>>> print(open('entry.cif').read())   # mmCIF, C-alpha atoms
data_upload
#
loop_
_atom_site.label_atom_id
_atom_site.label_comp_id
_atom_site.auth_asym_id
_atom_site.auth_seq_id
_atom_site.Cartn_x
_atom_site.Cartn_y
_atom_site.Cartn_z
CA MET L 1 37.26 -15.44 -43.56
CA ARG L 2 37.32 -14.57 -39.85
CA CYS L 3 36.51 -11.01 -38.96
CA TRP L 4 38.90 -9.27 -36.60
CA ARG L 5 36.71 -6.31 -35.76
CA VAL L 6 36.45 -7.34 -32.14
CA ASP L 7 35.72 -3.74 -31.14
CA LEU L 8 32.51 -3.77 -33.17
CA LYS L 9 31.48 -7.34 -32.32
CA ARG L 10 31.72 -6.56 -28.64
CA ASN L 11 29.00 -3.95 -29.06
CA PHE L 12 26.51 -6.27 -30.76
CA SER L 13 24.42 -6.85 -27.63
CA ARG L 14 24.36 -3.09 -26.98
CA TYR L 15 23.26 -2.63 -30.59
CA LEU L 16 20.40 -5.06 -30.01
CA ASN L 17 19.40 -3.26 -26.81
CA GLY L 18 19.43 0.14 -28.51
CA GLU L 19 22.21 1.49 -26.29
CA LEU L 20 24.66 2.81 -28.87
CA THR L 21 25.20 6.32 -30.13
CA THR L 22 24.20 7.19 -33.70
CA ARG L 23 27.83 7.10 -34.76
CA GLU L 24 28.40 3.67 -33.20
CA ILE L 25 25.26 2.32 -34.92
CA GLU L 26 26.47 3.65 -38.26
CA GLN L 27 29.88 1.99 -37.78
CA ILE L 28 28.28 -1.37 -37.10
CA GLU L 29 25.74 -1.15 -39.91
CA ASN L 30 28.38 -0.09 -42.44
CA HIS L 31 30.54 -3.01 -41.36
CA LEU L 32 27.64 -5.47 -41.66
CA LEU L 33 27.20 -4.51 -45.31
CA ASP L 34 30.58 -6.05 -46.06
CA CYS L 35 30.93 -8.81 -43.47
CA GLY L 36 28.84 -11.94 -43.84
CA GLY L 37 30.47 -13.50 -40.79
CA CYS L 38 29.35 -10.68 -38.54
CA ARG L 39 25.88 -10.72 -40.09
CA THR L 40 25.60 -14.38 -39.08
CA VAL L 41 26.86 -13.68 -35.56
CA LEU L 42 24.44 -10.79 -35.14
CA ALA L 43 21.51 -12.89 -36.38
CA ARG L 44 22.31 -15.50 -33.72
CA LEU L 45 22.59 -12.87 -31.01
CA ARG L 46 19.32 -11.31 -32.17
CA SER L 47 17.65 -14.68 -31.77
CA GLY L 48 19.17 -15.03 -28.27
CA HIS L 49 17.99 -11.50 -27.46
CA ARG L 50 14.42 -12.42 -28.51
CA PHE L 51 14.52 -15.36 -26.11
CA ALA L 52 16.02 -13.28 -23.29
CA VAL L 53 13.29 -10.63 -23.41
CA GLN L 54 10.77 -13.38 -22.63
CA LEU L 55 12.42 -14.25 -19.32
CA PRO L 56 9.90 -14.12 -16.50
CA ARG L 57 10.60 -12.36 -13.22
CA ALA L 58 10.78 -14.83 -10.35
CA THR L 59 8.83 -13.92 -7.22
CA PRO L 60 9.02 -15.65 -3.85
CA GLN L 61 6.19 -17.96 -2.82
CA ARG L 62 6.62 -17.08 0.85
CA ASP L 63 7.54 -13.80 2.48
CA PRO L 64 10.37 -14.43 4.96
CA TRP L 65 9.94 -11.08 6.70
CA ASN L 66 8.75 -12.68 9.97
CA ALA L 67 11.82 -14.91 10.10
CA ILE L 68 14.06 -11.91 9.39
CA GLU L 69 12.39 -9.92 12.14
CA GLU L 70 12.77 -12.76 14.62
CA ALA L 71 16.44 -13.03 13.76
CA LEU L 72 16.87 -9.28 14.21
CA ASP L 73 15.07 -9.41 17.56
CA ALA L 74 17.36 -12.23 18.63
CA GLU L 75 20.45 -10.22 17.62
CA HIS L 76 19.20 -7.01 19.20
CA PRO L 77 17.16 -8.13 22.19
CA ARG L 78 15.28 -5.50 24.10
CA SER L 79 16.77 -4.98 27.60
CA ARG L 80 14.81 -6.18 30.63
CA THR L 81 13.77 -2.99 32.36
CA ALA L 82 11.26 -2.36 35.13
CA PRO L 83 8.44 -1.74 32.62
CA SER L 84 9.09 -5.09 30.90
CA GLN L 85 9.16 -6.86 34.23
CA ALA L 86 5.84 -5.25 35.10
CA ARG L 87 4.57 -6.47 31.70
CA ASP L 88 5.55 -10.03 32.66
CA ALA L 89 3.64 -9.72 35.93
CA TRP L 90 0.54 -8.58 34.03
CA ARG L 91 0.93 -11.49 31.63
CA ALA L 92 0.71 -13.88 34.59
CA ILE L 93 -2.64 -12.35 35.59
CA LEU L 94 -4.00 -12.28 32.04
CA ILE L 95 -3.72 -16.03 31.48
CA ARG L 96 -5.81 -16.97 34.55
CA PRO L 97 -9.02 -18.79 33.45
CA SER L 98 -11.39 -16.56 35.45
CA PHE L 99 -9.84 -13.48 33.88
CA VAL L 100 -10.10 -14.98 30.40
CA ILE L 101 -13.82 -15.73 30.86
CA ALA L 102 -14.54 -12.25 32.21
CA ALA L 103 -12.60 -10.67 29.33
CA ALA L 104 -14.54 -12.77 26.78
CA VAL L 105 -17.87 -11.57 28.22
CA VAL L 106 -16.74 -7.92 28.11
CA ILE L 107 -15.55 -8.32 24.50
CA VAL L 108 -18.83 -9.87 23.35
CA VAL L 109 -20.90 -7.13 25.02
CA GLY L 110 -18.57 -4.50 23.54
CA LEU L 111 -18.95 -5.94 20.03
CA VAL L 112 -22.74 -5.93 20.30
CA VAL L 113 -22.75 -2.28 21.41
CA ALA L 114 -20.31 -1.30 18.65
CA PHE L 115 -22.45 -3.07 16.06
CA ILE L 116 -25.53 -1.14 17.17
CA VAL L 117 -23.67 2.20 17.14
CA VAL L 118 -22.07 1.63 13.71
CA ASN L 119 -25.40 0.50 12.27
CA ARG L 120 -27.07 3.71 13.47
CA LEU L 121 -24.29 5.84 11.99
CA SER L 122 -24.42 4.01 8.66
CA THR L 123 -28.06 4.91 8.06
CA ASN L 124 -27.30 8.61 7.85
CA LYS L 125 -29.81 9.95 5.30
CA ASP L 126 -27.35 12.38 3.69
CA GLY L 127 -25.11 9.49 2.71
CA GLU L 128 -21.89 11.41 3.37
CA ASN L 129 -19.22 10.86 6.07
CA LEU L 130 -21.18 7.77 6.96
CA ILE L 131 -18.82 6.27 9.47
CA ALA L 132 -16.77 9.29 10.48
CA GLY L 133 -18.11 9.07 14.02
CA ALA L 134 -16.53 5.64 14.49
CA PHE L 135 -12.98 6.98 14.10
CA GLU L 136 -10.93 9.88 15.35
CA LEU L 137 -10.14 11.43 11.99
CA GLN L 138 -7.40 13.64 13.40
CA ASP L 139 -5.41 10.45 14.20
CA PHE L 140 -4.94 9.80 10.50
CA HIS L 141 -1.59 10.90 9.13
CA ARG L 142 -1.89 13.30 6.20
CA VAL L 143 0.18 12.09 3.23
CA ALA L 144 0.65 13.44 -0.30
CA ILE L 145 0.10 10.94 -3.11
CA ALA L 146 3.66 11.42 -4.35
CA ASP L 147 5.02 10.76 -0.84
CA ILE L 148 3.12 7.55 -0.10
CA GLU L 149 6.29 5.51 -0.65
CA ARG L 150 7.93 7.23 2.33
CA ASN L 151 4.98 6.80 4.63
CA THR L 152 5.42 4.56 7.66
CA GLU L 153 2.18 5.39 9.48
CA PRO L 154 -0.57 2.75 9.36
CA HIS L 155 -3.54 5.16 9.25
CA VAL L 156 -3.42 7.78 6.56
CA VAL L 157 -5.53 10.41 4.83
CA ALA L 158 -4.75 11.36 1.25
CA GLU L 159 -6.46 13.88 -0.98
CA GLY L 160 -6.72 13.75 -4.73
CA TYR L 161 -8.89 13.16 -7.79
CA VAL L 162 -10.74 9.92 -8.41
CA SER L 163 -9.91 8.00 -11.57
CA GLU L 164 -10.62 4.45 -12.79
CA VAL L 165 -13.43 3.25 -10.55
CA LYS L 166 -13.94 -0.52 -10.74
CA ILE L 167 -16.12 -3.07 -8.97
CA ASP L 168 -14.79 -6.57 -8.44
CA ASP L 169 -17.40 -9.04 -9.74
CA GLU L 170 -16.32 -11.75 -7.31
CA ASP L 171 -16.34 -10.02 -3.95
CA GLY L 172 -18.16 -6.72 -4.61
CA ASP L 173 -15.19 -4.63 -3.47
CA LEU L 174 -14.85 -1.23 -5.11
CA THR L 175 -11.47 0.06 -6.20
CA PHE L 176 -10.44 3.45 -7.47
CA LYS L 177 -7.22 5.29 -8.12
CA LEU L 178 -6.41 8.52 -6.34
CA VAL L 179 -4.24 10.85 -8.43
CA ASP L 180 -3.01 14.43 -8.32
CA ASP L 181 -3.94 15.13 -11.94
CA ILE L 182 -6.47 13.06 -13.87
CA HIS L 183 -5.13 14.35 -17.19
CA LYS L 184 -1.56 13.17 -16.65
CA SER L 185 -0.06 9.88 -15.57
CA GLY L 186 1.94 10.05 -12.37
CA PRO L 187 2.00 8.73 -8.81
CA PHE L 188 -1.23 7.18 -7.62
CA ILE L 189 -2.73 5.37 -4.65
CA VAL L 190 -5.13 2.47 -5.19
CA CYS L 191 -8.04 2.75 -2.77
CA GLU L 192 -10.14 -0.30 -1.97
CA ILE L 193 -13.53 -0.14 -0.28
CA ILE L 194 -14.43 -3.52 1.17
CA ASN L 195 -18.07 -2.75 1.86
CA PRO L 196 -19.22 -0.14 -0.64
CA LYS L 197 -22.74 0.00 0.88
CA ARG L 198 -21.39 1.84 3.92
CA LEU L 199 -19.49 4.63 2.21
CA THR L 200 -20.14 7.43 -0.25
CA LEU L 201 -19.09 6.04 -3.59
CA PRO L 202 -16.77 8.47 -5.36
CA THR L 203 -17.45 9.64 -8.90
CA ILE L 204 -14.67 9.87 -11.44
CA GLY L 205 -13.17 13.34 -11.53
CA SER L 206 -14.33 14.33 -8.06
CA ARG L 207 -11.79 15.51 -5.53
CA VAL L 208 -11.94 13.50 -2.32
CA ARG L 209 -10.14 12.92 0.93
CA VAL L 210 -9.64 9.22 1.64
CA TYR L 211 -9.06 7.84 5.13
CA GLY L 212 -7.83 4.31 5.63
CA VAL L 213 -5.05 1.86 6.26
CA SER L 214 -1.85 2.24 4.26
CA ARG L 215 -0.34 -0.89 2.74
CA TYR L 216 1.86 -2.08 -0.12
CA ASP L 217 0.48 -4.63 -2.55
CA ASN L 218 3.36 -6.71 -3.85
CA GLN L 219 1.28 -9.19 -5.85
CA GLU L 220 2.50 -9.93 -9.37
CA ASN L 221 1.29 -7.23 -11.78
CA HIS L 222 0.39 -4.97 -8.84
CA ASN L 223 3.39 -3.59 -6.90
CA TRP L 224 1.61 -0.44 -5.78
CA TYR L 225 0.70 1.45 -2.65
CA GLU L 226 -2.84 1.22 -1.38
CA VAL L 227 -5.29 2.60 1.11
CA HIS L 228 -6.98 -0.66 1.95
CA PRO L 229 -9.45 -0.78 3.52
CA VAL L 230 -10.83 2.70 3.00
CA LEU L 231 -12.52 3.72 6.23
CA ASN L 232 -13.98 7.07 5.21
CA ILE L 233 -14.32 9.34 2.20
CA GLU L 234 -14.95 13.08 2.33
CA VAL L 235 -15.99 14.78 -0.88
CA VAL L 236 -14.00 17.99 -1.30
CA ARG L 237 -15.28 18.95 -4.75
CA ARG L 238 -17.68 17.11 -7.10
CA MET T 239 20.51 11.47 -12.93
CA ASN T 240 16.88 12.31 -13.67
CA VAL T 241 14.33 13.67 -11.21
CA GLN T 242 12.77 10.28 -10.51
CA GLN T 243 16.14 8.71 -9.73
CA GLU T 244 17.05 11.63 -7.48
CA HIS T 245 13.76 11.30 -5.65
CA ARG T 246 14.34 7.59 -5.19
CA GLU T 247 17.86 8.17 -3.88
CA ILE T 248 16.65 10.75 -1.38
CA GLN T 249 13.94 8.37 -0.23
CA GLU T 250 16.47 5.55 0.15
CA ARG T 251 18.84 7.72 2.18
CA GLU T 252 16.07 8.71 4.55
CA LEU T 253 15.02 5.11 5.00
CA ILE T 254 18.63 3.99 5.53
CA GLU T 255 19.22 6.67 8.14
CA ALA T 256 16.00 5.78 9.94
CA ALA T 257 16.75 2.05 9.78
CA THR T 258 20.26 2.66 11.12
CA ARG T 259 18.70 4.45 14.10
CA GLY T 260 16.68 1.29 14.80
CA ASP T 261 13.44 2.22 13.03
CA ARG T 262 12.16 -1.25 12.09
CA ALA T 263 9.33 0.14 9.96
CA ALA T 264 11.87 2.02 7.80
CA PHE T 265 13.88 -1.17 7.32
CA LYS T 266 10.69 -3.01 6.44
CA ARG T 267 9.98 -0.36 3.80
CA LEU T 268 13.46 -0.88 2.32
CA TYR T 269 12.80 -4.61 2.38
CA ASP T 270 9.48 -4.14 0.54
CA LEU T 271 11.18 -1.99 -2.10
CA LEU T 272 14.01 -4.43 -2.77
CA ARG T 273 12.78 -7.90 -1.83
CA ASP T 274 11.59 -9.02 -5.26
CA ARG T 275 14.76 -7.81 -6.98
CA VAL T 276 16.97 -9.69 -4.55
CA TYR T 277 14.87 -12.84 -4.86
CA ASN T 278 14.84 -12.66 -8.66
CA LEU T 279 18.63 -12.43 -8.83
CA ALA T 280 19.07 -15.17 -6.24
CA PHE T 281 16.63 -17.48 -7.99
CA TYR T 282 18.38 -17.22 -11.31
CA SER T 283 21.82 -17.47 -9.76
CA LEU T 284 20.95 -20.62 -7.83
CA GLY T 285 18.19 -22.14 -9.94
CA GLU T 286 15.98 -23.17 -7.03
CA ALA T 287 13.19 -21.37 -5.23
CA LEU T 288 13.92 -22.71 -1.73
CA TRP T 289 17.60 -21.82 -1.94
CA ALA T 290 16.67 -18.39 -3.21
CA GLU T 291 14.32 -17.85 -0.27
CA ASP T 292 17.10 -18.80 2.16
CA VAL T 293 19.47 -16.40 0.44
CA LEU T 294 16.81 -13.68 0.54
CA GLN T 295 16.70 -13.98 4.31
CA THR T 296 20.48 -14.04 4.69
CA VAL T 297 20.95 -11.07 2.39
CA PHE T 298 18.58 -8.82 4.31
CA LEU T 299 20.14 -9.77 7.62
CA LYS T 300 23.53 -8.82 6.16
CA VAL T 301 22.03 -5.61 4.79
CA TYR T 302 20.69 -4.71 8.23
CA ARG T 303 24.07 -5.35 9.85
CA GLY T 304 25.91 -3.48 7.11
CA LEU T 305 23.67 -0.40 6.99
CA PRO T 306 25.62 1.62 9.59
CA GLY T 307 28.73 1.29 7.42
CA PHE T 308 27.03 2.01 4.09
CA ARG T 309 28.69 5.05 2.53
CA TYR T 310 26.63 5.73 -0.61
CA GLU T 311 29.71 5.25 -2.83
CA ALA T 312 27.61 2.93 -4.96
CA GLY T 313 23.79 3.03 -5.02
CA LEU T 314 21.86 1.02 -2.47
CA SER T 315 20.63 -1.50 -5.04
CA THR T 316 24.16 -1.93 -6.46
CA TRP T 317 25.42 -2.76 -2.97
CA ILE T 318 22.55 -5.17 -2.29
CA TYR T 319 22.93 -6.91 -5.66
CA ARG T 320 26.61 -7.47 -4.81
CA ILE T 321 25.74 -8.96 -1.44
CA THR T 322 23.21 -11.21 -3.17
CA LEU T 323 25.66 -12.45 -5.80
CA ASN T 324 28.36 -13.09 -3.20
CA GLU T 325 25.95 -15.01 -1.01
CA CYS T 326 24.83 -17.06 -4.01
CA LYS T 327 28.48 -17.86 -4.83
CA ASN T 328 28.94 -19.03 -1.23
CA GLN T 329 25.88 -21.25 -1.50
CA LEU T 330 27.01 -22.75 -4.80
CA ARG T 331 30.45 -23.47 -3.35
CA ARG T 332 28.87 -25.24 -0.40
CA ARG T 333 26.11 -27.14 -2.13
CA GLY T 334 27.31 -27.51 -5.71
CA PRO T 335 25.38 -26.43 -8.81
CA ARG T 336 21.84 -27.51 -9.65
CA GLN T 337 21.62 -30.12 -12.42
CA VAL T 338 18.55 -30.04 -14.62
CA ARG T 339 18.25 -30.93 -18.28
CA LEU T 340 16.03 -29.05 -20.65
CA ASP T 341 14.22 -32.24 -21.62
CA GLU T 342 13.08 -32.68 -18.02
CA ILE T 343 10.63 -29.84 -18.40
CA LEU T 344 9.80 -30.45 -22.04
CA GLY T 345 8.52 -33.98 -21.35
CA SER T 346 8.36 -36.80 -23.89
CA ASP T 347 6.07 -37.42 -26.86
CA GLU T 348 3.86 -39.77 -24.78
CA ASP T 349 2.95 -36.92 -22.47
CA VAL T 350 1.42 -34.84 -25.23
CA ASP T 351 -2.20 -35.39 -26.23
CA PRO T 352 -2.44 -34.16 -29.84
CA ARG T 353 -6.19 -33.62 -29.44
CA ALA T 354 -5.77 -31.22 -26.52
CA LEU T 355 -5.93 -27.48 -27.22
CA PRO T 356 -3.96 -25.63 -24.57
CA ASP T 357 -5.11 -22.08 -23.90
CA ALA T 358 -2.90 -19.13 -24.77
CA ASN T 359 -1.97 -18.35 -21.15
CA HIS T 360 -0.80 -21.90 -20.59
CA LEU T 361 1.34 -21.77 -23.75
CA ASP T 362 2.85 -18.43 -22.72
CA ARG T 363 3.69 -19.82 -19.33
CA GLU T 364 5.30 -22.89 -20.85
CA ARG T 365 7.35 -20.80 -23.26
CA ARG T 366 8.62 -18.62 -20.44
CA GLU T 367 9.49 -21.71 -18.39
CA ILE T 368 11.42 -23.17 -21.28
CA VAL T 369 13.44 -20.00 -21.72
CA GLN T 370 13.95 -19.81 -17.97
CA GLU T 371 15.27 -23.36 -17.81
CA ALA T 372 17.61 -22.70 -20.73
CA LEU T 373 19.03 -19.70 -18.89
CA LEU T 374 19.51 -21.80 -15.77
CA GLN T 375 21.82 -24.08 -17.74
CA LEU T 376 24.25 -21.27 -18.42
CA SER T 377 27.13 -20.63 -16.04
CA PRO T 378 26.30 -18.38 -13.04
CA LYS T 379 28.49 -15.59 -14.49
CA LEU T 380 26.53 -15.48 -17.73
CA ARG T 381 23.18 -15.86 -15.97
CA GLY T 382 23.96 -12.91 -13.75
CA VAL T 383 24.49 -10.46 -16.61
CA VAL T 384 21.38 -11.64 -18.43
CA VAL T 385 19.20 -11.25 -15.32
CA LEU T 386 20.61 -7.85 -14.44
CA LYS T 387 20.16 -6.63 -18.03
CA TYR T 388 16.96 -8.26 -19.24
CA ILE T 389 14.91 -8.54 -16.05
CA GLU T 390 16.29 -5.89 -13.71
CA GLY T 391 16.81 -3.46 -16.61
CA LEU T 392 20.21 -2.17 -15.50
CA SER T 393 22.49 -0.35 -17.94
CA TYR T 394 25.86 -1.81 -18.89
CA GLU T 395 27.57 0.70 -16.60
CA GLU T 396 25.33 -0.20 -13.66
CA ILE T 397 25.94 -3.91 -14.22
CA ALA T 398 29.68 -3.22 -14.36
CA ARG T 399 29.45 -1.48 -10.96
CA VAL T 400 27.57 -4.44 -9.46
CA LEU T 401 30.06 -6.96 -10.85
CA GLU T 402 33.06 -4.68 -10.26
CA CYS T 403 34.33 -5.10 -13.80
CA ALA T 404 34.54 -2.97 -16.97
CA PRO T 405 31.44 -2.29 -19.11
CA GLY T 406 33.28 -3.95 -22.00
CA THR T 407 33.46 -7.16 -19.96
CA VAL T 408 29.71 -6.95 -19.36
CA ALA T 409 29.15 -6.54 -23.09
CA SER T 410 31.34 -9.57 -23.90
CA ARG T 411 29.57 -11.72 -21.33
CA LEU T 412 26.19 -10.71 -22.66
CA ASN T 413 27.26 -11.61 -26.19
CA ARG T 414 28.33 -15.05 -24.99
CA ALA T 415 25.17 -15.52 -22.97
CA LEU T 416 22.90 -14.61 -25.87
CA ALA T 417 24.87 -16.89 -28.21
CA GLU T 418 24.55 -19.78 -25.75
CA LEU T 419 20.86 -19.16 -25.20
CA GLU T 420 20.34 -19.16 -28.92
CA ALA T 421 22.29 -22.38 -29.32
CA ARG T 422 20.20 -24.13 -26.65
CA LEU T 423 16.86 -22.85 -27.82
CA HIS T 424 17.39 -22.80 -31.57
CA PRO T 425 15.72 -26.24 -32.04
CA LEU T 426 12.62 -24.88 -30.31
CA ARG T 427 12.48 -21.56 -32.11
CA ARG T 428 9.21 -22.42 -33.86
CA ILE T 429 7.32 -22.66 -30.57
CA LEU T 430 9.13 -19.88 -28.69
#
>>> encode(input="entry.cif", output="structure tokens")
Amino acid sequence: MRCWRVDLKRNFSRYLNGELTTREIEQIENHLLDCGGCRTVLARLRSGHRFAVQLPRATPQRDPWNAIEEALDAEHPRSRTAPSQARDAWRAILIRPSFVIAAAVVIVVGLVVAFIVVNRLSTNKDGENLIAGAFELQDFHRVAIADIERNTEPHVVAEGYVSEVKIDDEDGDLTFKLVDDIHKSGPFIVCEIINPKRLTLPTIGSRVRVYGVSRYDNQENHNWYEVHPVLNIEVVRR
Amino acid sequence: MNVQQEHREIQERELIEAATRGDRAAFKRLYDLLRDRVYNLAFYSLGEALWAEDVLQTVFLKVYRGLPGFRYEAGLSTWIYRITLNECKNQLRRRGPRQVRLDEILGSDEDVDPRALPDANHLDRERREIVQEALLQLSPKLRGVVVLKYIEGLSYEEIARVLECAPGTVASRLNRALAELEARLHPLRRIL
């Protein structure tokens, strides 16, 4: 015999998703005791529910941000002012071959000098603040771990406790989580050191200040904010 | 609204205001927060990755243009989901629905080597693909509620706001969707 309790049947998917009040659950379960038809319907929906919870999240293969930005630039072009005209004049000079060769020589010499300077700094015998001299630390934007989502600055410094230190077997990178409280779960920043030899390696539980480049990792199973690469670590408290 | 939701809403408002003033980095942050959700809904509405990527682009351009007029009557994600679904409807009207049969991804008996031992990850992936394909055979209306409920995790009331219908309608559609999914996948229940 067909069951006319449409009001209860309508709530079957909510029942399966655990979104009913205690009273509503009781009403349905009492009804199921007496109604074989509804028991059959619910069994089918339960099976469908078990399939639905397996649905994978689809993620894009390509990131169309560049195309979006180009379209936005085309819709909102910057106006041609005297500074932009001056920029065009400079561009004409910059692409001359003689200028390109001279610039290449200067860059190569500059890289060699920088390499020598950084190498000297990295052999600091104390092993702390190893490359601080290579950067202006006051240019890093101070950000709280809980506020990293709102940050729009590329270079940041965040302070917190070190938890979950890991070394990647494949590339030797070192990763750790920076948290406000190592005893509670909460907001965190994943910090990745690309060349661990050059920096003080943090110990779990120590309080540190981490300087580096802020980014968002939207890989599957990641979806977190990072300081990557870490450029400097200051130990505040061991 | 709990503390986390309040915090998220405050963050969204600040980003919207900054983006409306022309702060491209703020808009990029909004994009980063919402991109995967928009793509996910578009993919399941249209059934094809390339279409979904096109829609993703179109949606965020519309979002950028619409931000100055956004009034916070519904949440930001509710508004963006609506734009996504409308854009997908437009695409389907223009191009027609995707036609794929479940047996196209299941293969035939000749394809299966009984001696091979697939690893667990491979089997999991196949199972998920089978369920995904079964969902893609449902009508766009039914797919939408399933995606918003089972992948995006919205409540019935939130889904009702996105679809601009009553929560009871959402519940009915979900019942139908689950029944249809079950009907299509019942023969495969031993492997799923």
>>> axis_aligned_box(input="entry.cif", around="stretch 55-59 of chain L", padding_each_side="3 Å", output="lines of an AutoDock Vina configuration file")
center_x = 10.6
center_y = -13.6
center_z = -13.3
size_x = 9.6
size_y = 8.5
size_z = 18.1
>>> closest_residue(input="entry.cif", among="L:Asn223, L:Ser98, L:Thr175, L:Ser206", to="chain T", atoms="only C-alpha atoms")
L:Asn223
>>> interface_residues(input="entry.cif", of="chain L", to="chain T", cutoff="8 Å", atoms="all atoms listed in the file", output="PDB file with C-alpha atoms, in the coordinates of the input")
ATOM      1  CA  ARG L  10      31.720  -6.560 -28.640  1.00  0.00           C
ATOM      2  CA  ASN L  11      29.000  -3.950 -29.060  1.00  0.00           C
ATOM      3  CA  PHE L  12      26.510  -6.270 -30.760  1.00  0.00           C
ATOM      4  CA  SER L  13      24.420  -6.850 -27.630  1.00  0.00           C
ATOM      5  CA  ARG L  14      24.360  -3.090 -26.980  1.00  0.00           C
ATOM      6  CA  ARG L  44      22.310 -15.500 -33.720  1.00  0.00           C
ATOM      7  CA  LEU L  45      22.590 -12.870 -31.010  1.00  0.00           C
ATOM      8  CA  ARG L  46      19.320 -11.310 -32.170  1.00  0.00           C
ATOM      9  CA  SER L  47      17.650 -14.680 -31.770  1.00  0.00           C
ATOM     10  CA  GLY L  48      19.170 -15.030 -28.270  1.00  0.00           C
ATOM     11  CA  HIS L  49      17.990 -11.500 -27.460  1.00  0.00           C
ATOM     12  CA  PHE L  51      14.520 -15.360 -26.110  1.00  0.00           C
ATOM     13  CA  ALA L  52      16.020 -13.280 -23.290  1.00  0.00           C
ATOM     14  CA  VAL L  53      13.290 -10.630 -23.410  1.00  0.00           C
ATOM     15  CA  GLN L  54      10.770 -13.380 -22.630  1.00  0.00           C
ATOM     16  CA  LEU L  55      12.420 -14.250 -19.320  1.00  0.00           C
ATOM     17  CA  PRO L  56       9.900 -14.120 -16.500  1.00  0.00           C
ATOM     18  CA  ARG L  57      10.600 -12.360 -13.220  1.00  0.00           C
ATOM     19  CA  ALA L  58      10.780 -14.830 -10.350  1.00  0.00           C
ATOM     20  CA  THR L  59       8.830 -13.920  -7.220  1.00  0.00           C
ATOM     21  CA  PRO L  60       9.020 -15.650  -3.850  1.00  0.00           C
ATOM     22  CA  ARG L  62       6.620 -17.080   0.850  1.00  0.00           C
ATOM     23  CA  PRO L  64      10.370 -14.430   4.960  1.00  0.00           C
ATOM     24  CA  TRP L  65       9.940 -11.080   6.700  1.00  0.00           C
ATOM     25  CA  ALA L  67      11.820 -14.910  10.100  1.00  0.00           C
ATOM     26  CA  ILE L  68      14.060 -11.910   9.390  1.00  0.00           C
ATOM     27  CA  ALA L  71      16.440 -13.030  13.760  1.00  0.00           C
ATOM     28  CA  LEU L  72      16.870  -9.280  14.210  1.00  0.00           C
ATOM     29  CA  ARG L 150       7.930   7.230   2.330  1.00  0.00           C
ATOM     30  CA  THR L 152       5.420   4.560   7.660  1.00  0.00           C
ATOM     31  CA  TYR L 216       1.860  -2.080  -0.120  1.00  0.00           C
ATOM     32  CA  ASN L 218       3.360  -6.710  -3.850  1.00  0.00           C
TER      33      ASN L 218
END
>>> atom_distance(input="entry.cif", atom1="atom CA of L:Gly18", atom2="atom CA of T:Ile321")
29.2 Å
>>> atom_distance(input="entry.cif", atom1="atom CA of T:Lys327", atom2="atom CA of T:Pro378")
8.5 Å
>>> atom_distance(input="entry.cif", atom1="atom CA of L:Val235", atom2="atom CA of L:Arg209")
6.4 Å
>>> resolve_selection(input="entry.cif", expression="the PyMOL selection byres ((chain L and resi 153) around 9)", output="PyMOL selection string")
(chain L and resi 140-141+151-152+154-156+213-214) or (chain T and resi 263)
>>> write_last_selection(input="entry.cif", atoms="C-alpha atoms", output="short mmCIF file (atom, residue, chain, number, x, y, z; two decimals), in the frame of the given file")
data_model
loop_
_atom_site.label_atom_id
_atom_site.label_comp_id
_atom_site.auth_asym_id
_atom_site.auth_seq_id
_atom_site.Cartn_x
_atom_site.Cartn_y
_atom_site.Cartn_z
CA PHE L 140 -4.94 9.80 10.50
CA HIS L 141 -1.59 10.90 9.13
CA ASN L 151 4.98 6.80 4.63
CA THR L 152 5.42 4.56 7.66
CA PRO L 154 -0.57 2.75 9.36
CA HIS L 155 -3.54 5.16 9.25
CA VAL L 156 -3.42 7.78 6.56
CA VAL L 213 -5.05 1.86 6.26
CA SER L 214 -1.85 2.24 4.26
CA ALA T 263 9.33 0.14 9.96
#
>>> residues_around(input="entry.cif", residues="T:Arg251", least_positions_apart="6", cutoff="12 Å", atoms="only C-alpha atoms", output="list in words")
Arg150 of chain L; Glu244, His245, Ala257, Thr258, Ala264, Phe265, Leu268, Leu305, Pro306, Phe308, Arg309, Tyr310, Gly313, Leu314 and Ser315 of chain T
>>> residues_around(input="entry.cif", residues="L:Pro187", least_positions_apart="6", cutoff="9 Å", atoms="all atoms listed in the file", output="tab-separated table (two decimals) with C-alpha atoms, in the frame of the given file")
chain	number	residue	atom	x	y	z
L	145	ILE	CA	0.10	10.94	-3.11
L	146	ALA	CA	3.66	11.42	-4.35
L	147	ASP	CA	5.02	10.76	-0.84
L	148	ILE	CA	3.12	7.55	-0.10
L	178	LEU	CA	-6.41	8.52	-6.34
L	179	VAL	CA	-4.24	10.85	-8.43
L	180	ASP	CA	-3.01	14.43	-8.32
>>> closest_residue(input="entry.cif", among="T:Leu426, T:Leu392, T:Val301, T:Leu284", to="T:Leu376", atoms="only C-alpha atoms")
T:Leu284
